[in-house]
>>> print(open('run-v8.pdb').read())   # PDB, C-alpha atoms
ATOM      1  CA  MET Y   1       0.354  -0.037  45.136
ATOM      2  CA  MET Y   2      -0.017  -3.745  44.519
ATOM      3  CA  ASN Y   3       2.957  -5.566  42.995
ATOM      4  CA  LYS Y   4       4.412  -2.769  40.912
ATOM      5  CA  LYS Y   5       5.833  -3.876  37.572
ATOM      6  CA  TYR Y   6       6.793  -1.246  35.049
ATOM      7  CA  LEU Y   7       6.881  -3.153  31.770
ATOM      8  CA  LEU Y   8       5.683  -1.570  28.557
ATOM      9  CA  ALA Y   9       3.337  -3.854  26.675
ATOM     10  CA  GLY Y  10       4.343  -3.626  23.018
ATOM     11  CA  GLY Y  11       2.570  -5.270  20.134
ATOM     12  CA  ILE Y  12       4.755  -8.361  19.672
ATOM     13  CA  VAL Y  13       5.278  -8.952  23.383
ATOM     14  CA  SER Y  14       1.566  -8.518  24.027
ATOM     15  CA  ALA Y  15       0.639 -11.044  21.370
ATOM     16  CA  LEU Y  16       2.976 -13.608  22.905
ATOM     17  CA  LEU Y  17       1.583 -12.971  26.375
ATOM     18  CA  LEU Y  18      -2.006 -13.384  25.258
ATOM     19  CA  GLY Y  19      -1.104 -16.569  23.434
ATOM     20  CA  ALA Y  20       0.530 -17.960  26.558
ATOM     21  CA  CYS Y  21      -2.415 -17.096  28.794
ATOM     22  CA  SER Y  22      -4.912 -19.310  27.025
ATOM     23  CA  SER Y  23      -7.466 -18.865  29.780
ATOM     24  CA  VAL Y  24      -8.074 -15.258  28.712
ATOM     25  CA  SER Y  25     -11.349 -15.226  26.791
ATOM     26  CA  ALA Y  26     -11.495 -13.772  23.305
ATOM     27  CA  ASP Y  27     -14.405 -11.684  24.620
ATOM     28  CA  THR Y  28     -12.086  -9.911  27.063
ATOM     29  CA  ASP Y  29     -10.626  -6.999  25.113
ATOM     30  CA  MET Y  30      -7.138  -6.327  26.413
ATOM     31  CA  ASP Y  31      -6.374  -3.571  23.893
ATOM     32  CA  TRP Y  32      -6.481   0.087  24.889
ATOM     33  CA  GLU Y  33      -5.910   3.463  23.280
ATOM     34  CA  ALA Y  34      -5.517   6.935  24.805
ATOM     35  CA  ASP Y  35      -3.857  10.207  23.800
ATOM     36  CA  GLY Y  36      -2.487   8.795  20.571
ATOM     37  CA  LYS Y  37      -0.797   5.902  22.388
ATOM     38  CA  GLU Y  38      -2.099   2.361  22.198
ATOM     39  CA  GLY Y  39      -1.117  -1.033  23.535
ATOM     40  CA  THR Y  40      -2.318  -4.237  25.119
ATOM     41  CA  ALA Y  41      -2.676  -4.830  28.842
ATOM     42  CA  GLU Y  42      -0.040  -7.275  29.999
ATOM     43  CA  VAL Y  43      -1.468 -10.227  31.921
ATOM     44  CA  THR Y  44       0.728 -10.556  35.009
ATOM     45  CA  SER Y  45      -1.360 -12.968  37.083
ATOM     46  CA  GLY Y  46      -0.864 -16.094  34.939
ATOM     47  CA  GLN Y  47      -4.252 -17.795  34.609
ATOM     48  CA  VAL Y  48      -7.246 -15.469  34.381
ATOM     49  CA  GLU Y  49     -10.801 -16.455  35.322
ATOM     50  CA  THR Y  50     -12.814 -14.640  32.678
ATOM     51  CA  ASP Y  51     -15.919 -14.266  34.862
ATOM     52  CA  LYS Y  52     -13.850 -11.991  37.131
ATOM     53  CA  VAL Y  53     -12.761  -9.748  34.218
ATOM     54  CA  GLU Y  54     -16.022  -8.124  33.190
ATOM     55  CA  GLN Y  55     -14.557  -4.764  32.176
ATOM     56  CA  ASN Y  56     -12.134  -4.413  29.284
ATOM     57  CA  ALA Y  57      -8.863  -2.510  29.390
ATOM     58  CA  GLN Y  58     -10.223   0.480  27.469
ATOM     59  CA  LYS Y  59     -12.924   1.118  30.073
ATOM     60  CA  ALA Y  60     -10.316   0.950  32.838
ATOM     61  CA  VAL Y  61      -8.134   3.474  30.996
ATOM     62  CA  GLU Y  62     -11.091   5.817  30.542
ATOM     63  CA  GLU Y  63     -11.863   5.561  34.266
ATOM     64  CA  ALA Y  64      -8.259   6.426  35.136
ATOM     65  CA  LYS Y  65      -8.383   9.442  32.817
ATOM     66  CA  LYS Y  66     -11.227  10.892  34.895
ATOM     67  CA  ASN Y  67      -8.899  11.426  37.856
ATOM     68  CA  PHE Y  68      -5.659  12.445  36.125
ATOM     69  CA  ASP Y  69      -4.948  14.500  33.013
ATOM     70  CA  GLY Y  70      -1.940  12.692  31.616
ATOM     71  CA  LYS Y  71      -0.591  10.243  29.079
ATOM     72  CA  VAL Y  72      -1.100   6.522  29.627
ATOM     73  CA  ILE Y  73       2.269   4.767  29.816
ATOM     74  CA  ASP Y  74       1.440   1.197  30.850
ATOM     75  CA  VAL Y  75      -1.576  -1.027  31.545
ATOM     76  CA  GLU Y  76      -1.414  -4.409  33.304
ATOM     77  CA  LEU Y  77      -3.990  -6.942  34.482
ATOM     78  CA  ASP Y  78      -3.157  -8.528  37.826
ATOM     79  CA  GLU Y  79      -4.838 -10.457  40.651
ATOM     80  CA  GLU Y  80      -4.558 -10.449  44.430
ATOM     81  CA  ASP Y  81      -6.722 -12.341  46.926
ATOM     82  CA  GLY Y  82      -9.104 -13.354  44.160
ATOM     83  CA  ILE Y  83      -9.653  -9.779  42.986
ATOM     84  CA  TYR Y  84      -8.633  -8.927  39.421
ATOM     85  CA  TYR Y  85      -7.595  -5.354  38.749
ATOM     86  CA  TYR Y  86      -6.011  -3.199  36.077
ATOM     87  CA  GLU Y  87      -2.826  -1.432  37.110
ATOM     88  CA  ILE Y  88      -2.449   1.764  35.074
ATOM     89  CA  GLU Y  89       0.547   4.094  34.974
ATOM     90  CA  MET Y  90       0.202   7.649  33.636
ATOM     91  CA  LYS Y  91       2.471  10.659  33.333
ATOM     92  CA  ASN Y  92       2.213  14.389  32.666
ATOM     93  CA  GLY Y  93       5.532  16.198  32.730
ATOM     94  CA  LYS Y  94       6.845  16.006  36.296
ATOM     95  CA  GLU Y  95       3.664  14.365  37.580
ATOM     96  CA  GLU Y  96       3.301  10.593  37.748
ATOM     97  CA  TYR Y  97       0.068   8.771  38.589
ATOM     98  CA  GLU Y  98      -0.629   5.096  39.230
ATOM     99  CA  VAL Y  99      -4.019   3.559  39.911
ATOM    100  CA  ASP Y 100      -5.452   0.078  40.523
ATOM    101  CA  ILE Y 101      -8.966  -0.354  39.097
ATOM    102  CA  ASN Y 102     -11.233  -3.323  39.864
ATOM    103  CA  ALA Y 103     -11.672  -5.341  36.646
ATOM    104  CA  GLU Y 104     -15.227  -6.273  37.610
ATOM    105  CA  THR Y 105     -16.690  -3.023  38.957
ATOM    106  CA  LEU Y 106     -14.230  -0.318  37.751
ATOM    107  CA  GLU Y 107     -13.951   0.799  41.378
ATOM    108  CA  ILE Y 108     -10.681   2.532  42.233
ATOM    109  CA  LEU Y 109      -8.838   0.323  44.715
ATOM    110  CA  GLU Y 110      -5.666   2.314  45.184
ATOM    111  CA  GLU Y 111      -4.053   5.486  43.839
ATOM    112  CA  ASP Y 112      -0.611   7.019  43.994
ATOM    113  CA  PHE Y 113       0.506  10.449  42.757
ATOM    114  CA  ASP Y 114       3.977  11.957  42.763
ATOM    115  CA  ARG Y 115       5.370  15.263  41.512
ATOM    116  CA  ASP Y 116       9.061  14.850  40.673
ATOM    117  CA  GLU Y 117      10.777  18.208  40.966
ATOM    118  CA  ASP Y 118      13.917  16.749  39.375
ATOM    119  CA  GLY Y 119      12.034  15.047  36.557
ATOM    120  CA  ASP Y 120      11.751  15.537  32.815
ATOM    121  CA  ASP Y 121      13.419  18.390  31.004
ATOM    122  CA  ALA Y 122      11.343  21.265  29.657
ATOM    123  CA  GLU Y 123      11.325  20.024  26.071
ATOM    124  CA  GLU Y 124       9.842  16.639  27.023
ATOM    125  CA  ARG Y 125       7.256  18.280  29.300
ATOM    126  CA  ASP Y 126       6.148  20.664  26.552
ATOM    127  CA  GLU Y 127       5.787  17.761  24.133
ATOM    128  CA  GLU Y 128       3.665  15.725  26.547
ATOM    129  CA  ASP Y 129       1.554  18.742  27.551
ATOM    130  CA  GLY Y 130       0.828  19.420  23.897
ATOM    131  CA  GLU Y 131      -0.245  15.840  23.248
ATOM    132  CA  ASP Y 132      -2.527  15.817  26.289
ATOM    133  CA  ALA Y 133      -4.137  19.208  25.769
ATOM    134  CA  GLU Y 134      -6.993  17.969  23.575
ATOM    135  CA  GLY Y 135      -9.923  16.780  25.645
ATOM    136  CA  SER Y 136      -8.320  17.694  28.975
ATOM    137  CA  ASP Y 137     -11.318  19.852  29.978
ATOM    138  CA  ASP Y 138     -13.616  16.843  29.760
ATOM    139  CA  ASP Y 139     -11.292  14.854  31.998
ATOM    140  CA  LYS Y 140     -11.136  17.608  34.628
ATOM    141  CA  ASN Y 141     -14.907  18.049  34.677
ATOM    142  CA  ASP Y 142     -15.473  14.440  35.694
ATOM    143  CA  GLN Y 143     -13.697  13.807  39.000
ATOM    144  CA  ASP Y 144     -16.266  11.592  40.708
ATOM    145  CA  ARG Y 145     -15.181   8.185  41.955
ATOM    146  CA  ALA Y 146     -16.829   4.904  41.047
ATOM    147  CA  ASP Y 147     -18.158   4.993  44.612
ATOM    148  CA  SER Y 148     -20.071   8.289  44.810
ATOM    149  CA  SER Y 149     -19.812   8.311  48.610
ATOM    150  CA  MET Y 150     -16.081   9.033  48.317
ATOM    151  CA  ILE Y 151     -14.658  12.488  47.684
ATOM    152  CA  SER Y 152     -12.401  12.712  44.648
ATOM    153  CA  SER Y 153      -8.620  12.958  44.840
ATOM    154  CA  GLU Y 154      -8.869  16.522  43.488
ATOM    155  CA  GLU Y 155     -11.144  17.496  46.376
ATOM    156  CA  ALA Y 156      -8.845  15.848  48.912
ATOM    157  CA  VAL Y 157      -5.820  17.734  47.591
ATOM    158  CA  GLN Y 158      -7.750  21.015  47.602
ATOM    159  CA  ILE Y 159      -8.795  20.534  51.244
ATOM    160  CA  ALA Y 160      -5.224  19.719  52.288
ATOM    161  CA  GLU Y 161      -3.792  22.718  50.431
ATOM    162  CA  GLU Y 162      -6.363  25.087  51.936
ATOM    163  CA  LYS Y 163      -5.653  23.697  55.416
ATOM    164  CA  THR Y 164      -1.867  24.077  55.209
ATOM    165  CA  GLY Y 165      -1.421  26.856  52.654
ATOM    166  CA  GLY Y 166       1.049  24.579  50.872
ATOM    167  CA  GLN Y 167       1.331  22.787  47.527
ATOM    168  CA  ALA Y 168       0.713  19.052  47.208
ATOM    169  CA  VAL Y 169       3.732  17.143  45.916
ATOM    170  CA  GLU Y 170       2.499  13.604  46.551
ATOM    171  CA  TRP Y 171      -0.711  11.835  47.531
ATOM    172  CA  ASP Y 172      -2.140   8.357  47.648
ATOM    173  CA  PHE Y 173      -5.406   6.602  48.403
ATOM    174  CA  ASP Y 174      -5.937   3.138  49.864
ATOM    175  CA  ASP Y 175      -9.429   1.647  49.745
ATOM    176  CA  ASP Y 176      -8.675  -0.547  52.792
ATOM    177  CA  ASP Y 177      -8.249   2.506  55.030
ATOM    178  CA  ALA Y 178     -10.638   4.766  53.083
ATOM    179  CA  GLU Y 179      -8.194   7.622  53.661
ATOM    180  CA  TYR Y 180      -6.130   9.971  51.539
ATOM    181  CA  GLU Y 181      -2.583  10.795  52.538
ATOM    182  CA  VAL Y 182      -1.388  14.077  51.035
ATOM    183  CA  GLU Y 183       2.197  15.326  51.332
ATOM    184  CA  LEU Y 184       2.686  19.056  50.846
ATOM    185  CA  GLU Y 185       5.399  21.699  50.893
ATOM    186  CA  ALA Y 186       4.430  24.716  53.017
ATOM    187  CA  ASP Y 187       6.851  27.526  53.865
ATOM    188  CA  GLY Y 188       9.786  25.337  52.904
ATOM    189  CA  GLU Y 189       8.713  22.470  55.157
ATOM    190  CA  GLU Y 190       7.064  19.123  54.450
ATOM    191  CA  VAL Y 191       3.595  18.531  55.870
ATOM    192  CA  GLU Y 192       1.514  15.342  55.694
ATOM    193  CA  VAL Y 193      -2.265  15.448  55.929
ATOM    194  CA  GLU Y 194      -4.565  12.449  56.311
ATOM    195  CA  LEU Y 195      -8.205  12.831  55.258
ATOM    196  CA  ASP Y 196     -11.293  10.654  55.582
ATOM    197  CA  ALA Y 197     -12.180   9.732  51.981
ATOM    198  CA  LYS Y 198     -15.899   9.622  52.747
ATOM    199  CA  THR Y 199     -16.343  12.886  54.654
ATOM    200  CA  GLY Y 200     -13.298  14.929  53.603
ATOM    201  CA  GLU Y 201     -12.576  15.519  57.302
ATOM    202  CA  ILE Y 202      -8.900  15.903  58.234
ATOM    203  CA  VAL Y 203      -7.929  12.968  60.438
ATOM    204  CA  ASP Y 204      -4.335  13.913  61.211
ATOM    205  CA  THR Y 205      -1.720  16.529  60.321
ATOM    206  CA  ASP Y 206       1.980  15.799  60.712
ATOM    207  CA  ASP Y 207       4.310  18.833  60.537
TER     208      ASP Y 207
END
>>> encode(input="run-v8.pdb", output="structure tokens")
Amino acid sequence: MMNKKYLLAGGIVSALLLGACSSVSADTDMDWEADGKEGTAEVTSGQVETDKVEQNAQKAVEEAKKNFDGKVIDVELDEEDGIYYYEIEMKNGKEEYEVDINAETLEILEEDFDRDEDGDDAEERDEEDGEDAEGSDDDKNDQDRADSSMISSEEAVQIAEEKTGGQAVEWDFDDDDAEYEVELEADGEEVEVELDAKTGEIVDTDD
């Protein structure tokens, strides 16, 4: 993932950040709301060229929700090599998901998923699962990427699990390589599967 920064954007802090980044247009809506949680996307790239930020933070959050059924924790706006993107962090119990979404096209640039077996206690998981239950069916029914030629992360995980007979514990996607890397546990051993994101074909399996 690009330049990971895990900073929660609260109301007062967000207001100060937006005031400091005077180049952010008033037409660019940096506020977002999802699953009863709301905030403002933190601008981490300093000066923002508004013609490169065509999509607001809410649209980016909604796009992220299509690929992961969880609670939005943090949203940031960043830039690398002239490309502006929203960096969104989500969580659902033991599962953590991070995604970079192009701020101009809403294309998914990079994804990262991790299942933490030593993560939250049961009480916290039950609370988060209850908050995220409403509307989860709609999220799961829409798994298509911004680029329809790519298979979804759900499809990639399913292919890898069927191939190995294991359970996915971590996966990520990098647009540069157009490949998914899925790590699984099968018969007590770790297996890594690489898949072509366009065809779904397994490129490599590392036992």
>>> resolve_selection(input="run-v8.pdb", expression="the PyMOL selection byres ((chain Y and resi 185) around 10)", output="list in words")
Glu161, Thr164, Gly165, Gly166, Gln167, Ala168, Val169, Glu170, Glu183, Leu184, Ala186, Asp187, Gly188, Glu189, Glu190, Val191 and Glu192 of chain Y
>>> resolve_selection(input="run-v8.pdb", expression="the PyMOL selection byres ((chain Y and resi 102-118) around 9)", output="ChimeraX atom specification")
/Y:1-2,51-57,59-60,63-64,77,83-86,93-101,119-121,145-147,153,168-176
>>> atom_distance(input="run-v8.pdb", atom1="atom CA of Y:Glu76", atom2="atom CA of Y:Gln58")
11.6 Å
>>> atom_distance(input="run-v8.pdb", atom1="atom CA of Y:Glu87", atom2="atom CA of Y:Ala156")
21.8 Å
>>> closest_residue(input="run-v8.pdb", among="Y:Asp207, Y:Met90, Y:Ala178, Y:Asp78", to="Y:Leu195", atoms="only C-alpha atoms")
Y:Ala178
>>> atom_distance(input="run-v8.pdb", atom1="atom CA of Y:Asn92", atom2="atom CA of Y:Thr40")
20.6 Å
